[in-house]
Amino acid sequence: MDDSGVPRLPENPHQPDSRLKSEGDINLSPKRLKWAESFLDEETRAWLERDAKVFLHQSLSTPCLDVLKESSGACFTDLSGRTFLDFHGNNVHQVGYGHPHVIEAITREMQQLPFCPRRFTNIPAILLAEKLAHLAPGDLNKVLFAPGGTSAIGMALKLARAATGRYKTISMWDSFHGASLDAISVGGEEVFRSRIGPLLPGSEHVPPPDAYRCLWGCNGSCNLKCADYIEYVLEKEGDVAAVIAETIRCTPFIPPRDYWKKVREACDRHGTLLILDEIPICLGRTGKMFACEHFEVVPDMLVIGKGLGGGIFPLAALIAREDLDILGDRALAITPMRKSSVGCAAALAALEVIEQEHILEHATRMGEQVLSRLQSMKKEHPLIGDVRGTGLLLGIELVLDRETRQRALDEAEEVLYACLSRGLSFKLTMGNILTLTPPLIISDGEMDHALAIIDVALSEVERQTGDEIRPRSTEMVL
Ligand SMILES: Cc1ncc(COP(=O)(O)O)c(C=O)c1O
């Protein structure tokens, strides 16, 4: 701790920085402190101090970056009046901030039926469940709402146990499914899992499908060993209830084309359920309503959330295969908000916006254009090791050397703060991946502006650290 009570980052030379930074840039770094000192005004700092005093500290949130006072469309504005394009938005902002159609639906429902107690239902809830069952692929026809993604993951895990009579799971290292004890058991990030005691028994982990840093050394010519390994573990364990994973990890890993088909078939052979977590990437982020559609695979359960509440209301949903409706005489989850009339009205309105404003087409078209522009930027910037993405789920991986793929951790953080200072917000993943998830309603002009900021920031950091960007043969690639 320093004098202000803010914890300092523990020094551990054996612990690669990227492990703690898997989910996002962390707030205890000297670079963050330096940025705050030069960027924030006195009033903002005073509010941030009050915030830090009253909230429990966490490396991914409090102490916070800045104090916000307004948001609209693709942007938010801070207390001192500076506006930022929001390329993070926790992935709740598919339809942007404060979309008038969503605001109107929420306002109407708040005035009409602000709350629906348990044992009763309401028309927005029924319409939303029907709509999701209609949109979801295959026989995913049964819905349960939750107040957030983590709770929905908990429901999926419980249903998998009840349906199979088994308790083991296979999930991925480096994955995130929420921060509760059950979710971190299947999650694969040290920042949540370490120093917290025993997690759920039977939570097995496998390496994720990571084409850029493939554990099996496929080096771009994927032989799907990563999918074969899942079947190997299913075979060895013999009694796994579910494979649970993010369809596309936001954004380090985009699985190869046939990955999920192979895993699906392996699950079927071993009586194991497939649960796909699309909480941050559902409803158009990847250019399809659900990311599993890219892989032509239907899971047994699909978990969605975040933008489902239209960027305003916390709402998530478990959408399960029809024949998994087996707990009629028991209880899976009972929360006051499980059929929120206001939340469901927000979600229906958000889905209408997605359809009426042709957001899937926009995300696909713009995603393709941006990816090709990022590929051109890669030619100009030695710091860029890889660019990848699907729709408007995009990542730029920064490395010190393209051969060794050594993560450019310091440089990525410098780029982050250089972009923030110029009015672009995004988060880092694994410490070195600029993770870009803009609102799906973003205009061409706003996207041009954001890419120009990234370009300038990369040049600035490359100029400052030019000598560093060269091979370091001793660094492990993985
Ligand atoms: C892939 C994934 N799963 C689950 C969650 C947890 O959702 P929530 O924060 O709504 O509880 C998140 C949140 O970021 C997520 O990204």
# chains A, B, ... in the order shown; residues from 1 in each chain; ligands from 1
>>> select_by_dssp(residues="stretch 68-272 of chain A", states="strand (DSSP E)", output="PyMOL selection string")
chain A and resi 68-72+75-78+83-86+140-146+168-172+203-206+240-246
>>> write_last_selection(atoms="N, CA and C atoms", output="short mmCIF file (atom, residue, chain, number, x, y, z; two decimals), in the first residue's frame")
data_model
loop_
_atom_site.label_atom_id
_atom_site.label_comp_id
_atom_site.auth_asym_id
_atom_site.auth_seq_id
_atom_site.Cartn_x
_atom_site.Cartn_y
_atom_site.Cartn_z
N LEU A 68 -17.00 9.84 -15.22
CA LEU A 68 -17.83 10.15 -16.39
C LEU A 68 -19.10 10.89 -15.99
N LYS A 69 -19.57 11.73 -16.90
CA LYS A 69 -20.84 12.41 -16.59
C LYS A 69 -21.90 12.22 -17.68
N GLU A 70 -21.53 11.86 -18.89
CA GLU A 70 -22.52 11.71 -19.96
C GLU A 70 -22.08 10.63 -20.93
N SER A 71 -23.07 10.02 -21.60
CA SER A 71 -22.70 9.17 -22.73
C SER A 71 -23.83 9.21 -23.74
N SER A 72 -23.45 9.04 -25.00
CA SER A 72 -24.44 9.07 -26.08
C SER A 72 -23.81 8.47 -27.33
N CYS A 75 -19.96 7.42 -27.81
CA CYS A 75 -19.01 8.17 -26.96
C CYS A 75 -19.50 8.35 -25.54
N PHE A 76 -18.53 8.61 -24.65
CA PHE A 76 -18.86 9.14 -23.33
C PHE A 76 -18.01 10.37 -23.07
N THR A 77 -18.48 11.17 -22.10
CA THR A 77 -17.79 12.42 -21.79
C THR A 77 -17.45 12.45 -20.31
N ASP A 78 -16.24 12.91 -20.00
CA ASP A 78 -15.85 12.90 -18.59
C ASP A 78 -16.23 14.22 -17.92
N THR A 83 -14.41 14.20 -24.46
CA THR A 83 -15.22 13.12 -25.03
C THR A 83 -14.31 12.01 -25.58
N PHE A 84 -14.71 10.78 -25.31
CA PHE A 84 -13.94 9.60 -25.75
C PHE A 84 -14.83 8.71 -26.62
N LEU A 85 -14.27 8.18 -27.68
CA LEU A 85 -14.94 7.10 -28.40
C LEU A 85 -14.75 5.84 -27.55
N ASP A 86 -15.83 5.09 -27.32
CA ASP A 86 -15.72 3.96 -26.41
C ASP A 86 -15.60 2.64 -27.17
N LEU A 140 -32.59 -24.68 -29.62
CA LEU A 140 -32.40 -23.87 -28.40
C LEU A 140 -33.67 -23.05 -28.20
N ASN A 141 -34.61 -23.63 -27.48
CA ASN A 141 -35.96 -23.04 -27.41
C ASN A 141 -36.43 -22.70 -26.01
N LYS A 142 -35.62 -22.98 -24.99
CA LYS A 142 -36.06 -22.74 -23.62
C LYS A 142 -35.17 -21.70 -22.97
N VAL A 143 -35.78 -20.73 -22.31
CA VAL A 143 -35.04 -19.53 -21.88
C VAL A 143 -35.21 -19.32 -20.38
N LEU A 144 -34.14 -18.85 -19.75
CA LEU A 144 -34.23 -18.36 -18.37
C LEU A 144 -33.39 -17.09 -18.28
N PHE A 145 -33.99 -16.02 -17.75
CA PHE A 145 -33.24 -14.76 -17.63
C PHE A 145 -32.48 -14.70 -16.31
N ALA A 146 -31.47 -13.86 -16.29
CA ALA A 146 -30.67 -13.67 -15.07
C ALA A 146 -30.26 -12.20 -15.01
N LYS A 168 -18.20 -33.01 -13.55
CA LYS A 168 -16.93 -32.46 -14.07
C LYS A 168 -17.17 -31.55 -15.28
N THR A 169 -16.25 -30.61 -15.45
CA THR A 169 -16.33 -29.73 -16.63
C THR A 169 -14.95 -29.65 -17.29
N ILE A 170 -14.97 -29.33 -18.56
CA ILE A 170 -13.72 -28.96 -19.25
C ILE A 170 -13.91 -27.54 -19.75
N SER A 171 -12.96 -26.70 -19.41
CA SER A 171 -13.02 -25.31 -19.88
C SER A 171 -11.60 -24.89 -20.27
N MET A 172 -11.44 -23.63 -20.62
CA MET A 172 -10.16 -23.20 -21.23
C MET A 172 -9.32 -22.35 -20.29
N SER A 203 -13.09 -29.33 -12.12
CA SER A 203 -13.00 -28.29 -13.16
C SER A 203 -11.68 -28.45 -13.91
N GLU A 204 -11.73 -29.23 -14.99
CA GLU A 204 -10.51 -29.47 -15.78
C GLU A 204 -10.33 -28.34 -16.78
N HIS A 205 -9.07 -28.04 -17.10
CA HIS A 205 -8.79 -26.97 -18.07
C HIS A 205 -7.93 -27.49 -19.22
N VAL A 206 -8.18 -26.95 -20.40
CA VAL A 206 -7.38 -27.30 -21.58
C VAL A 206 -6.88 -26.00 -22.22
N VAL A 240 -17.50 -36.47 -17.98
CA VAL A 240 -17.53 -35.00 -17.94
C VAL A 240 -18.95 -34.52 -18.26
N ALA A 241 -19.47 -33.65 -17.40
CA ALA A 241 -20.83 -33.13 -17.61
C ALA A 241 -20.88 -32.17 -18.80
N ALA A 242 -19.92 -31.24 -18.85
CA ALA A 242 -20.02 -30.21 -19.90
C ALA A 242 -18.66 -29.67 -20.29
N VAL A 243 -18.55 -29.33 -21.56
CA VAL A 243 -17.47 -28.47 -22.03
C VAL A 243 -18.06 -27.07 -22.06
N ILE A 244 -17.41 -26.15 -21.36
CA ILE A 244 -17.92 -24.77 -21.34
C ILE A 244 -16.82 -23.83 -21.82
N ALA A 245 -17.17 -22.99 -22.79
CA ALA A 245 -16.14 -22.12 -23.37
C ALA A 245 -16.77 -20.92 -24.05
N GLU A 246 -15.96 -19.88 -24.23
CA GLU A 246 -16.38 -18.74 -25.03
C GLU A 246 -16.23 -19.16 -26.51
#
>>> residues_near_ligand(ligand="ligand 1", cutoff="6 Å", atoms="only C-alpha atoms and all ligand atoms", output="PyMOL selection string")
chain A and resi 148-150+176-178+246+277+279-280+306
>>> closest_atom_pairs(of="stretch 50-145 of chain A", to="stretch 299-303 of chain A", cutoff="9 Å", atoms="only C-alpha atoms", output="CSV")
residue,atom,partner,partner_atom,distance
A:Ala136,CA,A:Leu302,CA,8.5
A:Pro137,CA,A:Pro299,CA,8.7
A:Gly138,CA,A:Pro299,CA,8.7
A:Asp139,CA,A:Asp300,CA,8.5
A:Leu140,CA,A:Met301,CA,7.1
>>> atom_distance(atom1="atom CA of A:Val456", atom2="atom CA of A:Ser425")
14.5 Å
>>> residues_around(residues="A:Gly238", least_positions_apart="6", cutoff="10 Å", atoms="only C-alpha atoms", output="MDAnalysis selection string")
chainID A and resid 168 232 270:272
>>> residues_around(residues="stretch 122-124 of chain A", least_positions_apart="6", cutoff="6 Å", atoms="only C-alpha atoms", output="NGL selection string")
:A and (341 or 344-345)
>>> write_last_selection(atoms="N, CA and C atoms", output="compact mmCIF listing (two decimals), in the first residue's frame")
# COMPACT_ATOMS: atom_id res chain seq x y z
N SER A 341 -39.85 -6.80 -16.21
CA SER A 341 -40.63 -6.22 -17.33
C SER A 341 -39.81 -5.11 -18.00
N CYS A 344 -36.75 -6.63 -19.89
CA CYS A 344 -37.18 -7.32 -21.11
C CYS A 344 -37.64 -6.33 -22.17
N ALA A 345 -38.27 -5.22 -21.73
CA ALA A 345 -38.67 -4.19 -22.70
C ALA A 345 -37.42 -3.58 -23.33
>>> closest_atom_pairs(of="stretch 291-381 of chain A", to="stretch 102-111 of chain A", cutoff="7 Å", atoms="only C-alpha atoms", output="CSV")
residue,atom,partner,partner_atom,distance
A:Gly310,CA,A:Val102,CA,6.4
A:Ser341,CA,A:Glu109,CA,6.9
A:Val342,CA,A:Glu109,CA,5.5
A:Ala345,CA,A:Ala105,CA,5.9
A:Ala346,CA,A:Val102,CA,5.5
A:Ala349,CA,A:Val102,CA,5.1
A:Ala350,CA,A:Val102,CA,6.0
>>> closest_atom_pairs(of="stretch 212-318 of chain A", to="stretch 400-408 of chain A", cutoff="12 Å", atoms="only C-alpha atoms", output="Markdown table")
| residue | atom | partner | partner_atom | distance |
| --- | --- | --- | --- | --- |
| A:Tyr212 | CA | A:Arg405 | CA | 8.8 |
| A:Arg213 | CA | A:Arg405 | CA | 8.2 |
| A:Cys214 | CA | A:Arg405 | CA | 11.6 |
| A:Asn219 | CA | A:Glu403 | CA | 11.2 |
>>> residues_around(residues="stretch 357-373 of chain A", least_positions_apart="4", cutoff="10 Å", atoms="only C-alpha atoms", output="PDB file with C-alpha atoms, in the first residue's frame")
ATOM      1  CA  GLN A  94     -24.107  -2.899 -29.378  1.00  0.00           C
ATOM      2  CA  VAL A  95     -26.774  -0.236 -30.046  1.00  0.00           C
ATOM      3  CA  LEU A 283     -26.336  -9.902 -30.720  1.00  0.00           C
ATOM      4  CA  GLY A 284     -24.243  -8.843 -33.649  1.00  0.00           C
ATOM      5  CA  ARG A 285     -20.748  -8.132 -32.315  1.00  0.00           C
ATOM      6  CA  THR A 286     -19.270 -10.696 -34.712  1.00  0.00           C
ATOM      7  CA  GLY A 287     -21.625  -9.827 -37.575  1.00  0.00           C
ATOM      8  CA  LYS A 288     -24.020 -12.668 -36.720  1.00  0.00           C
ATOM      9  CA  MET A 289     -26.677 -12.635 -34.031  1.00  0.00           C
ATOM     10  CA  LEU A 351     -33.267  -6.366 -30.780  1.00  0.00           C
ATOM     11  CA  GLU A 352     -35.615  -4.180 -32.832  1.00  0.00           C
ATOM     12  CA  VAL A 353     -32.818  -1.636 -33.303  1.00  0.00           C
ATOM     13  CA  MET A 377      -1.127  -0.748 -40.548  1.00  0.00           C
ATOM     14  CA  LYS A 378       0.792  -3.891 -39.651  1.00  0.00           C
ATOM     15  CA  VAL A 387      -4.270  -8.413 -36.281  1.00  0.00           C
ATOM     16  CA  ARG A 388      -7.410 -10.499 -36.107  1.00  0.00           C
ATOM     17  CA  GLY A 389     -11.116 -10.169 -35.736  1.00  0.00           C
ATOM     18  CA  THR A 390     -14.613 -11.145 -36.703  1.00  0.00           C
ATOM     19  CA  GLY A 391     -17.140  -8.394 -37.305  1.00  0.00           C
ATOM     20  CA  LEU A 392     -16.476  -5.605 -34.832  1.00  0.00           C
ATOM     21  CA  LEU A 393     -14.618  -7.836 -32.397  1.00  0.00           C
ATOM     22  CA  LEU A 394     -11.064  -6.849 -33.262  1.00  0.00           C
ATOM     23  CA  GLY A 395      -7.614  -7.265 -31.783  1.00  0.00           C
ATOM     24  CA  ILE A 396      -4.165  -5.873 -32.492  1.00  0.00           C
ATOM     25  CA  PRO A 438     -16.714  -0.394 -30.669  1.00  0.00           C
ATOM     26  CA  PRO A 439     -20.456   0.151 -30.513  1.00  0.00           C
ATOM     27  CA  LEU A 440     -22.045  -1.504 -33.538  1.00  0.00           C
ATOM     28  CA  ILE A 441     -23.778   1.737 -34.539  1.00  0.00           C
ATOM     29  CA  ILE A 442     -20.426   3.470 -35.045  1.00  0.00           C
ATOM     30  CA  SER A 443     -20.173   5.660 -38.144  1.00  0.00           C
ATOM     31  CA  ASP A 444     -17.460   5.456 -40.789  1.00  0.00           C
ATOM     32  CA  MET A 447     -14.082   4.627 -37.051  1.00  0.00           C
ATOM     33  CA  ASP A 448     -11.653   6.628 -39.226  1.00  0.00           C
ATOM     34  CA  LEU A 451      -7.939   4.265 -36.392  1.00  0.00           C
TER      35      LEU A 451
END
>>> residues_around(residues="A:Ile254", least_positions_apart="2", cutoff="9 Å", atoms="only C-alpha atoms", output="mmCIF file with N, CA and C atoms, in the first residue's frame")
data_model
loop_
_atom_site.group_PDB
_atom_site.id
_atom_site.type_symbol
_atom_site.label_atom_id
_atom_site.label_comp_id
_atom_site.auth_asym_id
_atom_site.auth_seq_id
_atom_site.Cartn_x
_atom_site.Cartn_y
_atom_site.Cartn_z
ATOM 1 N N PRO A 209 -7.924 -22.529 -28.218
ATOM 2 C CA PRO A 209 -7.483 -22.555 -29.625
ATOM 3 C C PRO A 209 -6.839 -21.223 -29.976
ATOM 4 N N ASP A 210 -5.536 -21.182 -29.937
ATOM 5 C CA ASP A 210 -4.809 -19.922 -30.082
ATOM 6 C C ASP A 210 -3.848 -20.055 -31.261
ATOM 7 N N ALA A 211 -4.352 -19.707 -32.446
ATOM 8 C CA ALA A 211 -3.566 -19.944 -33.664
ATOM 9 C C ALA A 211 -2.236 -19.182 -33.639
ATOM 10 N N THR A 247 -17.265 -18.921 -27.300
ATOM 11 C CA THR A 247 -17.214 -19.334 -28.709
ATOM 12 C C THR A 247 -16.020 -18.669 -29.388
ATOM 13 N N ILE A 248 -15.867 -17.363 -29.160
ATOM 14 C CA ILE A 248 -14.659 -16.647 -29.577
ATOM 15 C C ILE A 248 -14.221 -15.847 -28.359
ATOM 16 N N ARG A 249 -12.988 -16.057 -27.939
ATOM 17 C CA ARG A 249 -12.503 -15.322 -26.757
ATOM 18 C C ARG A 249 -12.251 -13.886 -27.168
ATOM 19 N N CYS A 250 -12.691 -12.992 -26.361
ATOM 20 C CA CYS A 250 -12.715 -11.573 -26.704
ATOM 21 C C CYS A 250 -11.406 -10.878 -26.268
ATOM 22 N N THR A 251 -10.353 -10.743 -27.084
ATOM 23 C CA THR A 251 -10.126 -11.147 -28.433
ATOM 24 C C THR A 251 -8.888 -12.005 -28.678
ATOM 25 N N PRO A 252 -8.282 -12.561 -27.658
ATOM 26 C CA PRO A 252 -7.063 -13.277 -28.049
ATOM 27 C C PRO A 252 -7.253 -14.419 -29.031
ATOM 28 N N PRO A 256 -10.175 -21.955 -35.122
ATOM 29 C CA PRO A 256 -10.208 -22.326 -36.541
ATOM 30 C C PRO A 256 -11.616 -22.743 -36.953
ATOM 31 N N ARG A 257 -11.877 -22.663 -38.224
ATOM 32 C CA ARG A 257 -13.202 -22.875 -38.809
ATOM 33 C C ARG A 257 -13.911 -24.133 -38.285
ATOM 34 N N ARG A 388 -6.384 -9.486 -35.855
ATOM 35 C CA ARG A 388 -7.410 -10.499 -36.107
ATOM 36 C C ARG A 388 -8.768 -9.980 -35.645
ATOM 37 N N GLY A 389 -9.794 -10.612 -36.146
ATOM 38 C CA GLY A 389 -11.116 -10.169 -35.736
ATOM 39 C C GLY A 389 -12.206 -10.825 -36.546
ATOM 40 N N THR A 390 -13.398 -10.693 -36.028
ATOM 41 C CA THR A 390 -14.613 -11.145 -36.703
ATOM 42 C C THR A 390 -15.648 -10.065 -36.454
#
>>> residues_around(residues="A:Arg32", least_positions_apart="6", cutoff="10 Å", atoms="only C-alpha atoms", output="NGL selection string")
:A and (25-26 or 65 or 413-414 or 416-417)
>>> write_last_selection(atoms="N, CA and C atoms", output="PDB file, in the first residue's frame")
ATOM      1  N   ASP A  25      -6.106  -4.327 -18.788  1.00  0.00           N
ATOM      2  CA  ASP A  25      -5.025  -3.559 -18.205  1.00  0.00           C
ATOM      3  C   ASP A  25      -5.356  -3.323 -16.738  1.00  0.00           C
ATOM      4  N   ILE A  26      -4.340  -3.303 -15.896  1.00  0.00           N
ATOM      5  CA  ILE A  26      -4.610  -3.158 -14.474  1.00  0.00           C
ATOM      6  C   ILE A  26      -4.264  -1.757 -13.999  1.00  0.00           C
ATOM      7  N   LEU A  65     -10.214   4.976 -13.639  1.00  0.00           N
ATOM      8  CA  LEU A  65      -9.474   5.776 -14.624  1.00  0.00           C
ATOM      9  C   LEU A  65      -9.868   7.248 -14.602  1.00  0.00           C
ATOM     10  N   GLU A 413       0.844  -0.799 -23.076  1.00  0.00           N
ATOM     11  CA  GLU A 413       0.294   0.110 -22.064  1.00  0.00           C
ATOM     12  C   GLU A 413       0.515   1.568 -22.462  1.00  0.00           C
ATOM     13  N   GLU A 414       1.706   1.833 -23.042  1.00  0.00           N
ATOM     14  CA  GLU A 414       1.978   3.204 -23.525  1.00  0.00           C
ATOM     15  C   GLU A 414       0.972   3.587 -24.614  1.00  0.00           C
ATOM     16  N   LEU A 416      -2.003   2.376 -25.038  1.00  0.00           N
ATOM     17  CA  LEU A 416      -3.319   2.569 -24.406  1.00  0.00           C
ATOM     18  C   LEU A 416      -3.462   3.998 -23.871  1.00  0.00           C
ATOM     19  N   TYR A 417      -2.457   4.445 -23.117  1.00  0.00           N
ATOM     20  CA  TYR A 417      -2.577   5.788 -22.515  1.00  0.00           C
ATOM     21  C   TYR A 417      -2.426   6.892 -23.563  1.00  0.00           C
TER      22      TYR A 417
END
>>> closest_residue(among="A:Pro198, A:Ser175, A:Lys261, A:Gly187", to="A:Leu224", atoms="only C-alpha atoms")
A:Lys261
>>> closest_residue(among="A:Leu273, A:Met337, A:Glu278, A:Phe295", to="A:Tyr259", atoms="only C-alpha atoms")
A:Phe295
>>> closest_residue(among="A:Ala412, A:Ala291, A:Leu424, A:Thr429", to="A:Glu462", atoms="only C-alpha atoms")
A:Ala412
>>> atom_distance(atom1="atom CA of A:Gly431", atom2="atom CA of A:Leu56")
23.2 Å
>>> select_by_dssp(residues="stretch 191-314 of chain A", states="alpha helix (DSSP H)", output="PyMOL selection string")
chain A and resi 191-193+225-237+259-269
>>> closest_residue(among="A:Pro382, A:Leu434, A:Ile354, A:Pro117", to="A:His99", atoms="only C-alpha atoms")
A:Ile354
>>> decode(residues="stretch 38-69 of chain A", atoms="C-alpha atoms", output="short mmCIF file (atom, residue, chain, number, x, y, z; two decimals), in the first residue's frame")
data_model
loop_
_atom_site.label_atom_id
_atom_site.label_comp_id
_atom_site.auth_asym_id
_atom_site.auth_seq_id
_atom_site.Cartn_x
_atom_site.Cartn_y
_atom_site.Cartn_z
CA SER A 38 -0.86 14.56 -16.40
CA PHE A 39 -4.40 14.08 -17.69
CA LEU A 40 -6.88 14.52 -14.87
CA ASP A 41 -7.92 17.86 -13.40
CA GLU A 42 -8.20 18.64 -9.69
CA GLU A 43 -11.94 18.16 -9.39
CA THR A 44 -11.80 14.77 -11.12
CA ARG A 45 -8.97 13.66 -8.88
CA ALA A 46 -10.90 14.65 -5.80
CA TRP A 47 -13.90 12.52 -6.91
CA LEU A 48 -11.59 9.62 -7.79
CA GLU A 49 -10.11 9.77 -4.30
CA ARG A 50 -13.57 9.66 -2.73
CA ASP A 51 -14.44 6.73 -5.01
CA ALA A 52 -11.27 4.85 -4.04
CA LYS A 53 -11.93 5.50 -0.38
CA VAL A 54 -15.42 4.04 -0.36
CA PHE A 55 -15.18 1.11 -2.82
CA LEU A 56 -13.33 -2.16 -2.29
CA HIS A 57 -10.25 -2.04 -4.46
CA GLN A 58 -9.83 -4.36 -7.43
CA SER A 59 -7.02 -4.30 -9.96
CA LEU A 60 -9.47 -4.24 -12.89
CA SER A 61 -11.66 -1.42 -11.56
CA THR A 62 -11.21 0.70 -8.41
CA PRO A 63 -9.16 2.94 -8.28
CA CYS A 64 -10.81 4.11 -11.49
CA LEU A 65 -9.47 5.78 -14.62
CA ASP A 66 -11.66 8.86 -14.80
CA VAL A 67 -15.09 10.16 -13.75
CA LEU A 68 -17.83 10.15 -16.39
CA LYS A 69 -20.84 12.41 -16.59
#
